[in-house]
Every structure is written in structure tokens, then in C-alpha cells.
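S.K.: After the C-alpha cells below, expect a handful of questions from me.
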Amino acid sequence: MRRLFHFLCAAFIGITSAHAGAVPRPVVIDIGHQYTASGAESPDGKINEYAFWAQYAIEVRKEVEAAGYPCIITNRSEAPTKEPLATYNKESGVVHLNKPDKNAKRYPSTHHPEHIGAGMISADYAIEKRALCAVFLHLNSVGSKWSTTPPTGLIICNKNNGNALGEAVCEAMLTDLLDQPGGMPNGKKGIKVMPRHIGSQSGAGWMNTLDAENIPAIIFEAVYVNNRGHVDFISNDANARKLARTIAKGIVNWLKTNHPLPPAEPEAPAAPLPIYTMEVFPADTVPVPRSFLPDMYGVSASDLPDMYKQVILKGAETPAESVLPEEEQPDAAK
Ligand SMILES: [Zn+2]
């Protein structure tokens, strides 16, 4: 019977999952650059683009998922092997696409070979997953020396699809972080959202590839690793998390407008608890729920052993307690 029960459960689960619907489209968050070619670096060498986002991209993902949207973190290259990056990487569940493009090596897109670029593998992955949007996390830099002049932040978006997403992230940054109390100092310079559609053979041809698939994409470049005020701010762990959560807030605001989730279904009233009949059974058998009638599942009663037919019959007519043998009754009478 135990085996029959398992079979019936499996059959039931099989039926329900067949109706579960299409795979939901994820948000793809890409960590820029790679473990062995980590992008721009602060003049003191303490912060670089890859290592920063390898640690903090998870904060973006958590916020997106908390809003009800699936989210995948990608990186174009191989997984890091040194600590603490290896641990951050594991905890973040980064999907490594294992296509290093060091020295700005460029590849054509699998889906749109007319577009060639570094980091193309991440764009191709977002296309394969039918991403709702793709967000490329970078840090910016102008020169290799410290600057104290606040720069204008930059969010690059793909020309035909990415503008609203770029504006949403910009809005969250201005409202929650830039020049706000306890936020990142930026000399009131703000952020520029810049649509870009450069030649298909240029380095960032991957933005055009996503445009060709109507997938909104942005490159976040609003924090500068050569700016003293920016680096002082993001060197603090709580501030770095706040930056990641602010980017996520912009993404989520865009998602809620452009891909609203269906309203949650009202909870069905709880089903009445099944009544169990108790008998003295052989040691290796289990009581059978009354609701577990064979014809519910198209199983003929004649297929069941006699013992279970009796149990089902009793369960249909008799309150549970009264079928307990006397010696099993609570000893209130003593
Ligand atoms: Zn970069």
C-alpha cells in the first residue's frame, strides 16, 4: 500500500506540474569584467570593478527576487579560485559563461553574428533566457589618479529599448543615494542616462544585440573608482549594500510598471482534515486516510488487499476513536 500511495502521489504531481505554465522570464544581472582582468581600479588598488560586484551583485538579486521576479547573476568568464572572491561567488550562485575575452577580445553574437563585442556571451545568455532586462554592473573611472571633482554619473542604455529602465535606476539613485543625507556625495552633478547605438563591430556591440531582441539593457557606470568621495563611500560595507539595493529599487520600479505580476490568488479555504481509522496493523503498515478511496484514482477496490478494504469501509462509517481496541483506549477509567 505504501508503494501504491507513492505511485498515486507521483501520478498526481505529474498531472499538476504539466499545467504549471511557461518558465518565467528572469532579470539577468551581469558582473562586469572578469576574475583575471578586473576592469578599472582605484588608485590605492583597494577597489576594482569585478571584485566589487562579485561581492555585492547578490544584494541586487535579493531585492529583485523579494519583489517576486526571478533573477540570475552572470559573468562572462571563469569562477574565481582565491578567497574571499571564491566564497562570494559561491554564495551568489553566479552562472559563469566561461568565455574569457581578455585584452578586449571580441566575439560575434551567436544570435546576431553581425554584432561583435567583448562580453557578447552575456548578451547571448540573456537572449537565450528571454530576459525581461539585462543590467551590466560596472564602476567607472576617468584616469588612474585620484580626483576630488565630482563627476556626472553615467547610465548607458540600449537605444531602442533601454531608456525607461535607465531612467528608473537613475531616479532611484537620485532619490535615495546621490547627495542625500548619509548618501554618496556627488556635487549635485546628477546622472546622465545615455542611449547608445554604436557600430555593430564596436566593443559594446552586445547592447545592440539585446536591442535587436527587444530586451532592455543598461550599463551602470555612475560610481567612479578614481573619485575620492565615491570610493570613501562604497568602501564601507553597509554603503556598498545600499548602492546595490538602490540599483535594485530602480529595476523593480521598472519591472512593476512594465511587467506587473498577476494579483495573488485568494487563498483557498483549508480542506477538512482527513479522518484516520486506527486498527491494529502488522508492524510495517500504515493507517489509511478515509479520503483515500480507491475509485478517486481509478483503482479498483478488488486490487487492494482485504485488510485495506476493511479499513476504508470502517473509515467511511465509523468515528476514529471507536475502532481502537480496548487496551489502546486512554486509561481514564482507571
Ligand atoms: Zn567596466
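FYI, nothing fancy with the C-alpha cells labels: chains A, B, ... in order, residues from 1 per chain, ligands from 1 as they appear.
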As number ranges by chain, please: the residues near Tyr69 of chain A (cut-off 10 Å, only C-alpha atoms, same-chain neighbours under 6 positions excluded).

M.R.: A: 24-27, 61-63, 132, 252, 255-256, 259-261

S.K.: Using the selection just defined, write its residues with C-alpha atoms as a tab-separated table (two decimals), in the first residue's frame.

M.R.:
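Saved as part_3.tsv:
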chain	number	residue	atom	x	y	z
A	24	PRO	CA	9.04	32.78	-16.01
A	25	ARG	CA	11.46	35.22	-17.67
A	26	PRO	CA	14.34	36.27	-15.42
A	27	VAL	CA	16.18	39.50	-14.84
A	61	ARG	CA	19.46	39.91	-6.86
A	62	LYS	CA	17.91	39.55	-3.39
A	63	GLU	CA	15.85	42.72	-3.85
A	132	LEU	CA	12.97	40.75	-19.00
A	252	VAL	CA	11.98	46.74	-9.55
A	255	LEU	CA	9.51	45.84	-13.63
A	256	LYS	CA	6.34	46.79	-11.74
A	259	HIS	CA	5.92	43.59	-16.28
A	260	PRO	CA	3.40	43.74	-13.42
A	261	LEU	CA	2.91	40.46	-11.63

S.K.: Which of segment 101-177 of chain A end up as alpha helix (DSSP H) when DSSP is run on this backbone - answer as a list in words?

M.R.: Met120, Ile121, Ser122, Ala123, Asp124, Tyr125, Ala126, Ile127, Glu128, Asn163, Ala164, Leu165, Gly166, Glu167, Ala168, Val169, Cys170, Glu171, Ala172, Met173, Leu174, Thr175 and Asp176 of chain A

S.K.: Store the residues picked out above in a file with N, CA and C atoms, as a PDB file, in the first residue's frame.

M.R.:
ATOM      1  N   MET A 120      30.096  39.621 -25.227  1.00  0.00           N
ATOM      2  CA  MET A 120      28.935  39.219 -26.033  1.00  0.00           C
ATOM      3  C   MET A 120      28.242  37.979 -25.458  1.00  0.00           C
ATOM      4  N   ILE A 121      29.036  37.112 -24.819  1.00  0.00           N
ATOM      5  CA  ILE A 121      28.479  35.865 -24.287  1.00  0.00           C
ATOM      6  C   ILE A 121      27.369  36.142 -23.263  1.00  0.00           C
ATOM      7  N   SER A 122      27.525  37.232 -22.493  1.00  0.00           N
ATOM      8  CA  SER A 122      26.478  37.567 -21.504  1.00  0.00           C
ATOM      9  C   SER A 122      25.202  38.018 -22.196  1.00  0.00           C
ATOM     10  N   ALA A 123      25.354  38.776 -23.283  1.00  0.00           N
ATOM     11  CA  ALA A 123      24.173  39.216 -24.038  1.00  0.00           C
ATOM     12  C   ALA A 123      23.475  38.003 -24.661  1.00  0.00           C
ATOM     13  N   ASP A 124      24.261  37.078 -25.209  1.00  0.00           N
ATOM     14  CA  ASP A 124      23.670  35.875 -25.809  1.00  0.00           C
ATOM     15  C   ASP A 124      22.919  35.052 -24.760  1.00  0.00           C
ATOM     16  N   TYR A 125      23.475  34.981 -23.564  1.00  0.00           N
ATOM     17  CA  TYR A 125      22.817  34.232 -22.478  1.00  0.00           C
ATOM     18  C   TYR A 125      21.469  34.889 -22.136  1.00  0.00           C
ATOM     19  N   ALA A 126      21.466  36.215 -22.016  1.00  0.00           N
ATOM     20  CA  ALA A 126      20.214  36.929 -21.701  1.00  0.00           C
ATOM     21  C   ALA A 126      19.161  36.672 -22.782  1.00  0.00           C
ATOM     22  N   ILE A 127      19.602  36.565 -24.029  1.00  0.00           N
ATOM     23  CA  ILE A 127      18.671  36.273 -25.131  1.00  0.00           C
ATOM     24  C   ILE A 127      18.120  34.861 -24.986  1.00  0.00           C
ATOM     25  N   GLU A 128      19.010  33.909 -24.694  1.00  0.00           N
ATOM     26  CA  GLU A 128      18.565  32.512 -24.554  1.00  0.00           C
ATOM     27  C   GLU A 128      17.567  32.350 -23.419  1.00  0.00           C
ATOM     28  N   ASN A 163      15.794  52.889 -22.461  1.00  0.00           N
ATOM     29  CA  ASN A 163      15.733  54.218 -21.848  1.00  0.00           C
ATOM     30  C   ASN A 163      14.919  54.247 -20.550  1.00  0.00           C
ATOM     31  N   ALA A 164      13.754  53.632 -20.549  1.00  0.00           N
ATOM     32  CA  ALA A 164      12.898  53.686 -19.352  1.00  0.00           C
ATOM     33  C   ALA A 164      13.574  52.978 -18.172  1.00  0.00           C
ATOM     34  N   LEU A 165      14.265  51.888 -18.460  1.00  0.00           N
ATOM     35  CA  LEU A 165      14.988  51.173 -17.392  1.00  0.00           C
ATOM     36  C   LEU A 165      16.112  52.053 -16.837  1.00  0.00           C
ATOM     37  N   GLY A 166      16.853  52.707 -17.747  1.00  0.00           N
ATOM     38  CA  GLY A 166      17.916  53.608 -17.308  1.00  0.00           C
ATOM     39  C   GLY A 166      17.368  54.750 -16.469  1.00  0.00           C
ATOM     40  N   GLU A 167      16.256  55.313 -16.888  1.00  0.00           N
ATOM     41  CA  GLU A 167      15.653  56.420 -16.140  1.00  0.00           C
ATOM     42  C   GLU A 167      15.175  55.949 -14.760  1.00  0.00           C
ATOM     43  N   ALA A 168      14.653  54.738 -14.684  1.00  0.00           N
ATOM     44  CA  ALA A 168      14.153  54.226 -13.395  1.00  0.00           C
ATOM     45  C   ALA A 168      15.304  54.042 -12.400  1.00  0.00           C
ATOM     46  N   VAL A 169      16.436  53.518 -12.884  1.00  0.00           N
ATOM     47  CA  VAL A 169      17.590  53.337 -11.995  1.00  0.00           C
ATOM     48  C   VAL A 169      18.162  54.709 -11.612  1.00  0.00           C
ATOM     49  N   CYS A 170      18.200  55.621 -12.579  1.00  0.00           N
ATOM     50  CA  CYS A 170      18.663  56.987 -12.314  1.00  0.00           C
ATOM     51  C   CYS A 170      17.799  57.635 -11.226  1.00  0.00           C
ATOM     52  N   GLU A 171      16.497  57.508 -11.373  1.00  0.00           N
ATOM     53  CA  GLU A 171      15.554  58.103 -10.410  1.00  0.00           C
ATOM     54  C   GLU A 171      15.798  57.561  -8.991  1.00  0.00           C
ATOM     55  N   ALA A 172      15.983  56.251  -8.882  1.00  0.00           N
ATOM     56  CA  ALA A 172      16.236  55.650  -7.557  1.00  0.00           C
ATOM     57  C   ALA A 172      17.552  56.165  -6.980  1.00  0.00           C
ATOM     58  N   MET A 173      18.577  56.283  -7.811  1.00  0.00           N
ATOM     59  CA  MET A 173      19.875  56.787  -7.346  1.00  0.00           C
ATOM     60  C   MET A 173      19.756  58.218  -6.838  1.00  0.00           C
ATOM     61  N   LEU A 174      19.009  59.066  -7.560  1.00  0.00           N
ATOM     62  CA  LEU A 174      18.886  60.471  -7.171  1.00  0.00           C
ATOM     63  C   LEU A 174      18.036  60.607  -5.907  1.00  0.00           C
ATOM     64  N   THR A 175      17.012  59.772  -5.798  1.00  0.00           N
ATOM     65  CA  THR A 175      16.102  59.876  -4.654  1.00  0.00           C
ATOM     66  C   THR A 175      16.729  59.324  -3.381  1.00  0.00           C
ATOM     67  N   ASP A 176      17.452  58.229  -3.508  1.00  0.00           N
ATOM     68  CA  ASP A 176      17.895  57.504  -2.308  1.00  0.00           C
ATOM     69  C   ASP A 176      19.378  57.667  -1.985  1.00  0.00           C
TER      70      ASP A 176
END

S.K.: From the options A:Asp211, A:Asp179, A:Glu267, A:Glu221, which residue's atoms come nearest to ligand 1, counting only C-alpha atoms and all ligand atoms?

M.R.: A:Glu221

S.K.: Dump the neighbourhood of ligand 1 as a list in words: all residues within 9 Å, distances computed on only C-alpha atoms and all ligand atoms.

M.R.: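 What falls inside 9 Å of ligand 1 is Gly32, His33, Ser38, Gly39, Ala40, Glu49, Tyr50, Phe136, Leu137, His138, Leu139, Asn140, Ser141, Ile219, Phe220 and Glu221 of chain A.
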
S.K.: Suppose you want the space between atom CA of Gln180 of chain A and atom CA of Lys46 of chain A; what is it in Å?

M.R.: 24.9 Å

S.K.: Would you kindly return, as JSON, numbers by chain, each protein, DNA or RNA residue with an atom no farther than 9 Å from any atom of segment 181-198 of chain A, considering only C-alpha atoms and excluding same-chain residues fewer than 3 positions away?

M.R.: {"A": [149, 150, 151, 152, 153, 154, 155, 156, 157, 158, 159, 160, 162, 163, 166, 167, 170, 173, 174, 176, 177, 178, 201, 202, 203, 204, 205, 207, 208, 211, 218, 222, 229, 230, 232, 233, 234, 239, 242, 243]}

S.K.: Take the residues that were just selected and, keeping N, CA and C atoms, output them as a tab-separated table (two decimals), in the first residue's frame.

M.R.:
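As written to disk, result17.tsv reads:
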chain	number	residue	atom	x	y	z
A	149	THR	N	37.02	66.16	-7.86
A	149	THR	CA	35.93	66.85	-8.57
A	149	THR	C	34.81	65.85	-8.83
A	150	PRO	N	33.63	66.12	-8.32
A	150	PRO	CA	32.55	65.15	-8.54
A	150	PRO	C	32.20	65.06	-10.02
A	151	PRO	N	32.07	63.84	-10.53
A	151	PRO	CA	31.73	63.67	-11.94
A	151	PRO	C	30.23	63.51	-12.13
A	152	THR	N	29.77	63.68	-13.35
A	152	THR	CA	28.40	63.31	-13.68
A	152	THR	C	28.35	61.79	-13.86
A	153	GLY	N	27.43	61.16	-13.16
A	153	GLY	CA	27.30	59.71	-13.30
A	153	GLY	C	26.76	59.34	-14.67
A	154	LEU	N	26.94	58.10	-15.03
A	154	LEU	CA	26.53	57.66	-16.36
A	154	LEU	C	25.77	56.32	-16.28
A	155	ILE	N	24.64	56.29	-16.93
A	155	ILE	CA	23.94	55.01	-17.15
A	155	ILE	C	23.72	54.91	-18.65
A	156	ILE	N	24.39	53.95	-19.26
A	156	ILE	CA	24.25	53.75	-20.71
A	156	ILE	C	23.09	52.78	-20.94
A	157	CYS	N	22.24	53.09	-21.90
A	157	CYS	CA	21.15	52.15	-22.18
A	157	CYS	C	21.12	51.82	-23.68
A	158	ASN	N	20.56	50.65	-24.01
A	158	ASN	CA	20.45	50.39	-25.45
A	158	ASN	C	19.37	51.30	-26.04
A	159	LYS	N	19.64	51.71	-27.25
A	159	LYS	CA	18.96	52.87	-27.83
A	159	LYS	C	17.44	52.71	-27.93
A	160	ASN	N	17.00	51.55	-28.38
A	160	ASN	CA	15.58	51.43	-28.69
A	160	ASN	C	14.73	50.89	-27.53
A	162	GLY	N	16.14	50.49	-23.89
A	162	GLY	CA	16.64	50.58	-22.52
A	162	GLY	C	16.37	51.89	-21.78
A	163	ASN	N	15.79	52.89	-22.46
A	163	ASN	CA	15.73	54.22	-21.85
A	163	ASN	C	14.92	54.25	-20.55
A	166	GLY	N	16.85	52.71	-17.75
A	166	GLY	CA	17.92	53.61	-17.31
A	166	GLY	C	17.37	54.75	-16.47
A	167	GLU	N	16.26	55.31	-16.89
A	167	GLU	CA	15.65	56.42	-16.14
A	167	GLU	C	15.18	55.95	-14.76
A	170	CYS	N	18.20	55.62	-12.58
A	170	CYS	CA	18.66	56.99	-12.31
A	170	CYS	C	17.80	57.64	-11.23
A	173	MET	N	18.58	56.28	-7.81
A	173	MET	CA	19.87	56.79	-7.35
A	173	MET	C	19.76	58.22	-6.84
A	174	LEU	N	19.01	59.07	-7.56
A	174	LEU	CA	18.89	60.47	-7.17
A	174	LEU	C	18.04	60.61	-5.91
A	176	ASP	N	17.45	58.23	-3.51
A	176	ASP	CA	17.90	57.50	-2.31
A	176	ASP	C	19.38	57.67	-1.98
A	177	LEU	N	20.21	58.06	-2.94
A	177	LEU	CA	21.64	57.92	-2.68
A	177	LEU	C	22.48	59.16	-2.98
A	178	LEU	N	22.35	59.68	-4.18
A	178	LEU	CA	23.28	60.75	-4.59
A	178	LEU	C	22.97	62.06	-3.87
A	201	GLN	N	30.38	46.63	-35.05
A	201	GLN	CA	31.68	45.99	-34.86
A	201	GLN	C	32.42	46.59	-33.66
A	202	SER	N	31.80	47.51	-32.93
A	202	SER	CA	32.48	48.16	-31.83
A	202	SER	C	32.39	47.32	-30.56
A	203	GLY	N	33.17	47.76	-29.56
A	203	GLY	CA	33.31	46.95	-28.34
A	203	GLY	C	32.02	46.60	-27.66
A	204	ALA	N	31.08	47.55	-27.61
A	204	ALA	CA	29.83	47.29	-26.89
A	204	ALA	C	28.71	46.88	-27.83
A	205	GLY	N	29.05	46.16	-28.89
A	205	GLY	CA	28.04	45.66	-29.82
A	205	GLY	C	26.99	44.79	-29.13
A	207	MET	N	25.20	45.58	-26.63
A	207	MET	CA	23.99	46.36	-26.35
A	207	MET	C	23.06	46.34	-27.56
A	208	ASN	N	23.66	46.41	-28.75
A	208	ASN	CA	22.86	46.38	-29.99
A	208	ASN	C	22.20	45.01	-30.17
A	211	ASP	N	19.20	44.97	-28.15
A	211	ASP	CA	18.21	45.83	-28.80
A	211	ASP	C	17.50	45.06	-29.92
A	218	ILE	N	20.95	47.99	-19.63
A	218	ILE	CA	21.70	49.18	-19.20
A	218	ILE	C	23.08	48.76	-18.71
A	222	ALA	N	27.78	54.76	-12.85
A	222	ALA	CA	27.53	56.03	-12.15
A	222	ALA	C	28.43	56.24	-10.93
A	229	GLY	N	35.58	60.80	-3.05
A	229	GLY	CA	34.32	60.76	-2.32
A	229	GLY	C	33.53	59.47	-2.61
A	230	HIS	N	33.52	59.05	-3.86
A	230	HIS	CA	32.80	57.83	-4.22
A	230	HIS	C	33.44	56.60	-3.57
A	232	ASP	N	35.47	56.50	-0.93
A	232	ASP	CA	35.28	56.50	0.53
A	232	ASP	C	33.89	55.97	0.88
A	233	PHE	N	32.90	56.34	0.07
A	233	PHE	CA	31.53	55.90	0.36
A	233	PHE	C	31.38	54.39	0.16
A	234	ILE	N	31.77	53.87	-1.00
A	234	ILE	CA	31.49	52.44	-1.27
A	234	ILE	C	32.49	51.51	-0.58
A	239	ASN	N	27.33	50.84	3.10
A	239	ASN	CA	27.07	51.75	1.96
A	239	ASN	C	27.07	50.99	0.64
A	242	LYS	N	23.89	49.37	0.26
A	242	LYS	CA	22.85	50.36	-0.04
A	242	LYS	C	22.88	50.75	-1.52
A	243	LEU	N	24.07	50.89	-2.07
A	243	LEU	CA	24.19	51.18	-3.50
A	243	LEU	C	23.52	50.07	-4.32

S.K.: What is the distance, in Å and to one decimal place, between atom CA of Pro43 of chain A and atom CA of Val225 of chain A?

M.R.: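 Those two atoms sit 7.8 Å apart.
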
S.K.: Mind giving me the straight-line distance from atom CA of His111 of chain A to atom CA of Asn98 of chain A in Å, one decimal?

M.R.: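 Atom CA of Asn98 of chain A lies 17.9 Å from atom CA of His111 of chain A.
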
S.K.: Name the residues in contact with Asn226 of chain A at a cut-off of 8 Å, using only C-alpha atoms, excluding same-chain residues fewer than 4 positions from it; report them as a count of residues only.

M.R.: 11

S.K.: What parts of segment 92-223 of chain A does DSSP call strand (DSSP E)? I'd like the answer as a PyMOL selection string.

M.R.: chain A and resi 95-96+107-108+116-117+133-137+153-158+191-196+217-221

S.K.: Could you please take those selected residues and save N, CA and C atoms as a PDB file, in the first residue's frame?

M.R.:
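Generated output (selection28.pdb):
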ATOM      1  N   VAL A  95      26.356  32.362 -12.506  1.00  0.00           N
ATOM      2  CA  VAL A  95      26.468  31.495 -13.682  1.00  0.00           C
ATOM      3  C   VAL A  95      27.676  31.982 -14.485  1.00  0.00           C
ATOM      4  N   HIS A  96      28.722  31.176 -14.521  1.00  0.00           N
ATOM      5  CA  HIS A  96      29.926  31.571 -15.271  1.00  0.00           C
ATOM      6  C   HIS A  96      29.820  31.046 -16.692  1.00  0.00           C
ATOM      7  N   TYR A 107      33.904  38.871 -29.764  1.00  0.00           N
ATOM      8  CA  TYR A 107      33.281  37.707 -30.392  1.00  0.00           C
ATOM      9  C   TYR A 107      31.986  38.135 -31.065  1.00  0.00           C
ATOM     10  N   PRO A 108      31.605  37.464 -32.140  1.00  0.00           N
ATOM     11  CA  PRO A 108      30.279  37.742 -32.715  1.00  0.00           C
ATOM     12  C   PRO A 108      29.192  37.091 -31.858  1.00  0.00           C
ATOM     13  N   ILE A 116      29.377  42.371 -32.992  1.00  0.00           N
ATOM     14  CA  ILE A 116      30.597  41.804 -32.423  1.00  0.00           C
ATOM     15  C   ILE A 116      30.991  42.636 -31.214  1.00  0.00           C
ATOM     16  N   GLY A 117      31.390  41.962 -30.125  1.00  0.00           N
ATOM     17  CA  GLY A 117      31.805  42.749 -28.967  1.00  0.00           C
ATOM     18  C   GLY A 117      32.449  41.898 -27.898  1.00  0.00           C
ATOM     19  N   CYS A 133      15.040  41.939 -18.703  1.00  0.00           N
ATOM     20  CA  CYS A 133      16.003  43.016 -18.936  1.00  0.00           C
ATOM     21  C   CYS A 133      17.387  42.501 -18.537  1.00  0.00           C
ATOM     22  N   ALA A 134      18.418  43.203 -18.976  1.00  0.00           N
ATOM     23  CA  ALA A 134      19.796  42.836 -18.610  1.00  0.00           C
ATOM     24  C   ALA A 134      20.475  44.072 -18.032  1.00  0.00           C
ATOM     25  N   VAL A 135      21.113  43.894 -16.873  1.00  0.00           N
ATOM     26  CA  VAL A 135      21.777  45.012 -16.201  1.00  0.00           C
ATOM     27  C   VAL A 135      23.246  44.655 -16.019  1.00  0.00           C
ATOM     28  N   PHE A 136      24.118  45.445 -16.623  1.00  0.00           N
ATOM     29  CA  PHE A 136      25.555  45.183 -16.583  1.00  0.00           C
ATOM     30  C   PHE A 136      26.180  46.083 -15.520  1.00  0.00           C
ATOM     31  N   LEU A 137      26.704  45.458 -14.471  1.00  0.00           N
ATOM     32  CA  LEU A 137      27.226  46.216 -13.333  1.00  0.00           C
ATOM     33  C   LEU A 137      28.706  46.528 -13.526  1.00  0.00           C
ATOM     34  N   GLY A 153      27.426  61.161 -13.165  1.00  0.00           N
ATOM     35  CA  GLY A 153      27.300  59.707 -13.297  1.00  0.00           C
ATOM     36  C   GLY A 153      26.763  59.340 -14.672  1.00  0.00           C
ATOM     37  N   LEU A 154      26.937  58.098 -15.034  1.00  0.00           N
ATOM     38  CA  LEU A 154      26.531  57.662 -16.362  1.00  0.00           C
ATOM     39  C   LEU A 154      25.774  56.324 -16.279  1.00  0.00           C
ATOM     40  N   ILE A 155      24.645  56.290 -16.935  1.00  0.00           N
ATOM     41  CA  ILE A 155      23.945  55.015 -17.152  1.00  0.00           C
ATOM     42  C   ILE A 155      23.716  54.910 -18.654  1.00  0.00           C
ATOM     43  N   ILE A 156      24.389  53.945 -19.264  1.00  0.00           N
ATOM     44  CA  ILE A 156      24.251  53.754 -20.708  1.00  0.00           C
ATOM     45  C   ILE A 156      23.095  52.776 -20.940  1.00  0.00           C
ATOM     46  N   CYS A 157      22.245  53.086 -21.900  1.00  0.00           N
ATOM     47  CA  CYS A 157      21.152  52.153 -22.184  1.00  0.00           C
ATOM     48  C   CYS A 157      21.119  51.821 -23.675  1.00  0.00           C
ATOM     49  N   ASN A 158      20.562  50.653 -24.011  1.00  0.00           N
ATOM     50  CA  ASN A 158      20.454  50.388 -25.448  1.00  0.00           C
ATOM     51  C   ASN A 158      19.368  51.298 -26.043  1.00  0.00           C
ATOM     52  N   ILE A 191      23.081  62.302 -12.753  1.00  0.00           N
ATOM     53  CA  ILE A 191      23.422  61.149 -13.603  1.00  0.00           C
ATOM     54  C   ILE A 191      22.845  61.394 -14.985  1.00  0.00           C
ATOM     55  N   LYS A 192      23.600  61.058 -15.982  1.00  0.00           N
ATOM     56  CA  LYS A 192      23.106  61.163 -17.354  1.00  0.00           C
ATOM     57  C   LYS A 192      22.718  59.761 -17.849  1.00  0.00           C
ATOM     58  N   VAL A 193      21.508  59.649 -18.354  1.00  0.00           N
ATOM     59  CA  VAL A 193      21.086  58.390 -18.992  1.00  0.00           C
ATOM     60  C   VAL A 193      21.360  58.544 -20.485  1.00  0.00           C
ATOM     61  N   MET A 194      22.243  57.693 -20.982  1.00  0.00           N
ATOM     62  CA  MET A 194      22.743  57.901 -22.339  1.00  0.00           C
ATOM     63  C   MET A 194      22.420  56.710 -23.255  1.00  0.00           C
ATOM     64  N   PRO A 195      21.466  56.890 -24.168  1.00  0.00           N
ATOM     65  CA  PRO A 195      21.209  55.815 -25.142  1.00  0.00           C
ATOM     66  C   PRO A 195      22.412  55.681 -26.072  1.00  0.00           C
ATOM     67  N   ARG A 196      22.749  54.451 -26.356  1.00  0.00           N
ATOM     68  CA  ARG A 196      23.919  54.288 -27.211  1.00  0.00           C
ATOM     69  C   ARG A 196      23.668  53.187 -28.248  1.00  0.00           C
ATOM     70  N   ALA A 217      18.379  46.968 -21.872  1.00  0.00           N
ATOM     71  CA  ALA A 217      19.664  46.710 -21.224  1.00  0.00           C
ATOM     72  C   ALA A 217      20.281  48.029 -20.785  1.00  0.00           C
ATOM     73  N   ILE A 218      20.947  47.992 -19.633  1.00  0.00           N
ATOM     74  CA  ILE A 218      21.698  49.179 -19.199  1.00  0.00           C
ATOM     75  C   ILE A 218      23.080  48.763 -18.707  1.00  0.00           C
ATOM     76  N   ILE A 219      24.027  49.687 -18.826  1.00  0.00           N
ATOM     77  CA  ILE A 219      25.345  49.528 -18.215  1.00  0.00           C
ATOM     78  C   ILE A 219      25.425  50.570 -17.104  1.00  0.00           C
ATOM     79  N   PHE A 220      25.593  50.085 -15.877  1.00  0.00           N
ATOM     80  CA  PHE A 220      25.664  51.012 -14.746  1.00  0.00           C
ATOM     81  C   PHE A 220      27.093  51.518 -14.621  1.00  0.00           C
ATOM     82  N   GLU A 221      27.278  52.829 -14.790  1.00  0.00           N
ATOM     83  CA  GLU A 221      28.619  53.450 -14.732  1.00  0.00           C
ATOM     84  C   GLU A 221      28.553  54.751 -13.941  1.00  0.00           C
TER      85      GLU A 221
END

S.K.: Excluding Ala79 of chain A and its own-chain neighbours fewer than 3 positions away, which residues fall within 9 Å of it when counting only C-alpha atoms? Please give them as a PyMOL selection string.

M.R.: chain A and resi 34-35+75+85-86+89-90+94-96+98

S.K.: Could the residues in this selection be written to a file with C-alpha atoms, as a PDB file, in the first residue's frame?

M.R.:
ATOM      1  CA  GLN A  34      36.466  39.027 -15.064  1.00  0.00           C
ATOM      2  CA  TYR A  35      38.473  37.442 -12.302  1.00  0.00           C
ATOM      3  CA  ASN A  75      29.787  36.628 -15.511  1.00  0.00           C
ATOM      4  CA  LEU A  85      36.057  36.006  -4.015  1.00  0.00           C
ATOM      5  CA  ALA A  86      35.538  32.249  -4.314  1.00  0.00           C
ATOM      6  CA  ASN A  89      30.934  33.747  -5.900  1.00  0.00           C
ATOM      7  CA  LYS A  90      29.534  30.533  -4.461  1.00  0.00           C
ATOM      8  CA  VAL A  94      26.971  33.159 -10.299  1.00  0.00           C
ATOM      9  CA  VAL A  95      26.468  31.495 -13.682  1.00  0.00           C
ATOM     10  CA  HIS A  96      29.926  31.571 -15.271  1.00  0.00           C
ATOM     11  CA  ASN A  98      33.464  30.648 -19.335  1.00  0.00           C
TER      12      ASN A  98
END

S.K.: Determine the nearest neighbour of Asp30 of chain A from the options A:Ala240, A:Val60, A:Ala51, A:Ile73, counting only C-alpha atoms.

M.R.: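 Under the stated criterion, the closest residue is A:Ile73.
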